[in-house]
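Note: the block below is structure38.txt and it holds compact mmCIF, C-alpha atoms.
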# COMPACT_ATOMS: atom_id res chain seq x y z
CA MET A 1 151.02 -78.48 -120.79
CA LYS A 2 153.10 -78.26 -123.99
CA LYS A 3 152.18 -74.61 -124.42
CA LEU A 4 153.27 -73.88 -120.85
CA ILE A 5 156.65 -75.59 -121.32
CA ILE A 6 157.20 -73.72 -124.60
CA LEU A 7 156.21 -70.42 -122.98
CA THR A 8 158.62 -71.04 -120.12
CA ALA A 9 161.41 -71.85 -122.57
CA LEU A 10 160.74 -68.64 -124.50
CA ILE A 11 160.90 -66.61 -121.30
CA LEU A 12 164.23 -68.15 -120.39
CA LEU A 13 165.61 -67.61 -123.89
CA SER A 14 164.48 -64.00 -123.88
CA GLY A 15 166.34 -63.53 -120.62
CA ASN A 16 169.51 -64.82 -122.19
CA ALA A 17 169.10 -62.77 -125.35
CA PHE A 18 168.40 -59.38 -123.84
CA ALA A 19 170.14 -59.51 -120.47
CA ASN A 20 173.16 -61.56 -121.62
CA GLU A 21 172.76 -63.77 -118.55
CA PRO A 22 170.49 -66.69 -117.64
CA ALA A 23 167.28 -65.92 -115.80
CA ARG A 24 167.34 -67.10 -112.20
CA ILE A 25 164.65 -69.68 -111.56
CA ALA A 26 162.96 -70.86 -108.37
CA VAL A 27 160.58 -73.81 -108.05
CA VAL A 28 157.85 -74.18 -105.43
CA ASP A 29 155.91 -77.36 -104.65
CA MET A 30 152.48 -75.90 -103.89
CA GLN A 31 151.00 -79.32 -103.13
CA LYS A 32 153.66 -79.93 -100.48
CA LEU A 33 152.84 -76.57 -98.89
CA SER A 34 149.16 -77.53 -98.85
CA ASP A 35 149.97 -80.91 -97.27
CA LEU A 36 152.45 -79.72 -94.63
CA SER A 37 151.69 -76.12 -93.64
CA THR A 38 150.05 -75.91 -90.23
CA ALA A 39 147.41 -73.47 -91.49
CA SER A 40 146.35 -75.83 -94.31
CA ILE A 41 146.30 -78.83 -91.97
CA GLY A 42 144.10 -76.86 -89.56
CA ILE A 43 141.71 -75.91 -92.35
CA LYS A 44 141.40 -79.53 -93.48
CA ASP A 45 140.84 -80.77 -89.92
CA GLN A 46 138.11 -78.19 -89.39
CA ALA A 47 136.54 -79.05 -92.74
CA LYS A 48 136.43 -82.73 -91.77
CA LYS A 49 134.70 -81.89 -88.50
CA GLU A 50 132.14 -79.80 -90.37
CA ARG A 51 131.54 -82.61 -92.88
CA ASP A 52 131.09 -85.17 -90.11
CA LYS A 53 128.67 -82.84 -88.33
CA TYR A 54 126.83 -82.23 -91.59
CA GLN A 55 126.56 -85.96 -92.30
CA ALA A 56 125.30 -86.70 -88.80
CA SER A 57 122.65 -84.01 -89.23
CA ILE A 58 121.57 -85.50 -92.55
CA SER A 59 121.30 -88.99 -91.06
CA LYS A 60 119.18 -87.69 -88.19
CA GLU A 61 116.88 -85.76 -90.51
CA GLU A 62 116.52 -88.73 -92.87
CA GLU A 63 115.54 -90.98 -89.97
CA GLN A 64 112.90 -88.48 -88.87
CA LEU A 65 111.50 -88.23 -92.39
CA ARG A 66 111.31 -92.03 -92.70
CA LYS A 67 109.28 -92.16 -89.49
CA GLU A 68 106.93 -89.46 -90.72
CA GLU A 69 106.48 -91.23 -94.04
CA ALA A 70 105.71 -94.53 -92.30
CA LYS A 71 103.18 -92.79 -90.06
CA LEU A 72 101.56 -91.17 -93.09
CA GLN A 73 101.22 -94.54 -94.81
CA GLU A 74 99.58 -95.98 -91.68
CA GLN A 75 96.98 -93.20 -91.81
CA ARG A 76 96.14 -93.87 -95.44
CA THR A 77 93.29 -96.25 -94.61
CA ILE A 78 91.64 -93.89 -92.11
CA LEU A 79 91.99 -90.60 -94.01
CA THR A 80 89.83 -89.43 -96.84
CA SER A 81 91.55 -89.35 -100.22
CA GLU A 82 91.56 -85.53 -100.10
CA ASN A 83 93.15 -85.42 -96.64
CA PHE A 84 95.73 -88.02 -97.56
CA ALA A 85 96.62 -86.15 -100.74
CA GLU A 86 97.03 -82.93 -98.75
CA LYS A 87 99.22 -84.56 -96.10
CA SER A 88 101.28 -86.23 -98.84
CA ARG A 89 101.81 -82.85 -100.50
CA GLN A 90 102.88 -81.29 -97.20
CA PHE A 91 105.30 -84.15 -96.59
CA LYS A 92 106.85 -83.76 -100.07
CA ASP A 93 107.20 -80.01 -99.50
CA LYS A 94 108.98 -80.70 -96.22
CA VAL A 95 111.36 -83.17 -97.89
CA ALA A 96 112.14 -80.64 -100.62
CA LYS A 97 112.82 -77.91 -98.03
CA VAL A 98 115.14 -80.19 -96.06
CA GLN A 99 117.04 -81.01 -99.24
CA ARG A 100 117.38 -77.31 -100.13
CA ASP A 101 118.57 -76.44 -96.63
CA PHE A 102 121.26 -79.11 -96.71
CA GLN A 103 122.38 -78.11 -100.21
CA GLU A 104 122.70 -74.48 -99.12
CA LYS A 105 124.61 -75.49 -96.00
CA ARG A 106 126.96 -77.67 -98.04
CA ALA A 107 127.55 -74.88 -100.55
CA ALA A 108 128.32 -72.45 -97.71
CA GLN A 109 130.85 -74.90 -96.25
CA GLU A 110 132.55 -75.31 -99.63
CA GLU A 111 132.70 -71.54 -100.09
CA MET A 112 134.22 -71.07 -96.64
CA LEU A 113 136.82 -73.76 -97.38
CA LYS A 114 137.70 -72.08 -100.66
CA LYS A 115 138.11 -68.67 -99.02
CA SER A 116 140.26 -70.17 -96.25
CA PHE A 117 142.71 -71.63 -98.76
CA GLU A 118 142.70 -68.36 -100.69
CA GLN A 119 143.86 -66.60 -97.53
CA VAL A 120 146.71 -69.09 -97.11
CA ASN A 121 147.64 -68.67 -100.77
CA ARG A 122 147.81 -64.87 -100.43
CA VAL A 123 150.32 -65.20 -97.61
CA THR A 124 152.24 -67.85 -99.58
CA TYR A 125 152.53 -65.61 -102.64
CA ALA A 126 153.72 -62.71 -100.50
CA ILE A 127 156.42 -64.93 -98.98
CA ILE A 128 157.54 -66.10 -102.43
CA ASP A 129 157.68 -62.49 -103.57
CA ASP A 130 159.86 -61.58 -100.57
CA LEU A 131 162.21 -64.48 -101.25
CA ALA A 132 162.45 -63.51 -104.92
CA LYS A 133 163.51 -59.99 -103.93
CA GLU A 134 165.96 -61.26 -101.29
CA GLU A 135 167.61 -63.92 -103.44
CA GLY A 136 167.20 -62.37 -106.87
CA PHE A 137 164.88 -64.82 -108.59
CA ASP A 138 163.52 -63.74 -111.95
CA ILE A 139 160.96 -66.54 -112.35
CA THR A 140 159.13 -68.77 -109.85
CA ILE A 141 157.40 -71.85 -111.28
CA PRO A 142 155.07 -74.37 -109.58
CA ALA A 143 156.69 -77.82 -109.40
CA SER A 144 153.53 -79.39 -110.84
CA GLN A 145 154.19 -77.67 -114.17
CA ILE A 146 157.71 -79.03 -114.62
CA PHE A 147 158.63 -82.54 -115.74
CA TYR A 148 162.12 -82.39 -114.16
CA TYR A 149 164.17 -79.82 -112.27
CA ASP A 150 167.34 -79.76 -110.20
CA LYS A 151 166.52 -79.64 -106.47
CA LYS A 152 168.88 -76.69 -106.06
CA PHE A 153 166.12 -74.54 -107.56
CA ASP A 154 163.56 -75.73 -105.00
CA ILE A 155 162.63 -73.10 -102.39
CA THR A 156 159.63 -75.01 -100.98
CA GLU A 157 161.21 -75.62 -97.56
CA LYS A 158 162.12 -71.95 -97.17
CA VAL A 159 158.57 -70.95 -98.04
CA LEU A 160 157.13 -73.57 -95.68
CA VAL A 161 159.21 -72.37 -92.72
CA ARG A 162 158.14 -68.76 -93.23
CA LEU A 163 154.52 -69.73 -93.85
CA ASN A 164 154.32 -71.69 -90.59
CA GLU A 165 155.93 -68.79 -88.72
CA LYS A 166 153.72 -66.11 -90.26
CA LEU A 167 150.48 -68.10 -90.35
CA PRO A 168 150.60 -70.99 -87.85
CA GLN A 169 146.83 -71.13 -88.03
CA LEU A 170 144.12 -69.24 -89.83
CA GLN A 171 142.98 -66.20 -87.88
CA LYS A 172 140.12 -64.21 -89.36
CA THR A 173 139.93 -60.46 -89.12
CA ASP A 174 137.05 -58.10 -89.94
CA ASP A 175 138.29 -57.60 -93.50
CA SER A 176 138.68 -61.39 -93.98
CA LYS A 177 142.44 -61.13 -94.39
CA PRO A 178 144.87 -63.46 -92.60
CA LYS A 179 146.51 -61.99 -89.55
CA ALA A 180 150.13 -62.86 -88.82
CA LYS A 181 150.75 -63.97 -85.27
CA SER A 182 153.05 -61.03 -84.58
CA GLU A 183 150.45 -58.42 -85.58
CA LYS A 184 148.32 -56.52 -83.06
CA THR A 185 144.92 -55.11 -83.71
CA SER A 186 144.41 -51.37 -83.46
CA SER A 187 142.16 -51.89 -80.43
CA ASP A 188 144.97 -53.74 -78.63
CA LYS A 189 147.35 -50.86 -79.37
CA GLY A 190 144.77 -48.41 -78.07
CA LYS A 191 144.43 -50.35 -74.83
CA THR A 192 148.20 -50.34 -74.34
CA THR A 193 148.40 -46.58 -74.90
CA SER A 194 145.54 -45.84 -72.50
CA LYS A 195 147.16 -47.94 -69.76
CA LYS A 196 150.36 -45.97 -70.05
CA LYS A 197 148.46 -42.67 -69.73
CA GLU A 198 146.69 -43.88 -66.62
Represent the structure from my file as structure tokens, please.
Amino acid sequence: MKKLIILTALILLSGNAFANEPARIAVVDMQKLSDLSTASIGIKDQAKKERDKYQASISKEEEQLRKEEAKLQEQRTILTSENFAEKSRQFKDKVAKVQRDFQEKRAAQEEMLKKSFEQVNRVTYAIIDDLAKEEGFDITIPASQIFYYDKKFDITEKVLVRLNEKLPQLQKTDDSKPKAKSEKTSSDKGKTTSKKKE
């Protein structure tokens, strides 16, 4: 943290020394964007549904395995030691497979969640870049990395408005990039052209 503050100070000082004018700073509260943007809220809601579904599936599978284990124990007195050992091995293999399947499913869900937020972040960074060009900012710093700043430097609300307009919800395309609501796919454009010709 100290190194970051010192680095920021050096950047600002270098701006003063070589450009003879203070560097223009903007601050963005990334956590606020994550909490309030409609795309992020949608991602979190969907993730919760997936987790609930995942947990319900685990509970159901655990209940089934408990029943199978109880049934196996009941058969212990009527099975030969070799048969019981074999059935016990099969049951353990099944438990291990169920555990692996759930771990893989959980990892896939986490990876999808990560990629979803990466898509939102790409759009966010592009919006910040546009604002920097429009308003002449030299440096944009995350609010989480600053102990104190004047609210006049805060552009979070401007970013949030544009983010909600450009990406009201996450829409996946074939190349896994977010699609702004105003964009049309090439196939849609082709359909429009063919209608006009007809």
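The spacing separating CA of Gln145 in chain A from CA of Leu33 in chain A amounts to 15.4 Å.
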Exercise. Leaving out range 159-162 of chain A and any residue of its chain fewer than 3 positions from it, which residues lie within 10 Å of it when counting all atoms listed in the file, given as an MDAnalysis selection string?
Worked result: chainID A and resid 28:30 32:34 36:38 123:128 130:131 154:156 165:168
Correct to one decimal, the distance CA of Phe153 in chain A-CA of Val27 in chain A is 5.6 Å
Lys92 in chain A proximity check over A:Ala132, A:Ala56, A:Leu163, A:Leu72, using only C-alpha atoms: winner is A:Leu72
Restricting to only C-alpha atoms, whichever of A:Glu63, A:Gln55, A:Leu113, A:Ala143 is closest to Gly42 in chain A is A:Leu113
- request: Work out how far CA of Gln119 in chain A is from CA of Asp52 in chain A, in Å to one decimal.
  value: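 Computing the Euclidean distance for CA of Asp52 in chain A and CA of Gln119 in chain A yields 23.7 Å.
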Looking at A:Lys114, A:Lys71, A:Lys94, A:Arg89, which one is nearest to Ile43 in chain A, with distances taken over only C-alpha atoms?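 When distances to Ile43 in chain A are compared using only C-alpha atoms, the smallest one comes from A:Lys114.
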Give the centre and edge lengths of an axis-aligned box, in Å to one decimal, that holds all listed atoms of range 131-145 of chain A with 5 Å on each side, as JSON.
{"center_x": 160.6, "center_y": -69.7, "center_z": -107.7, "size_x": 24.1, "size_y": 29.4, "size_z": 22.9}
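Nearest to Arg51 in chain A of all the residues A:Lys158, A:Lys115, A:Lys105, A:Lys152 is A:Lys105, based on all atoms listed in the file.
Among the candidates A:Gln75, A:Gln64, A:Gln109, A:Thr140, the residue lying nearest to Arg24 in chain A is A:Thr140 (atoms considered: all atoms listed in the file).
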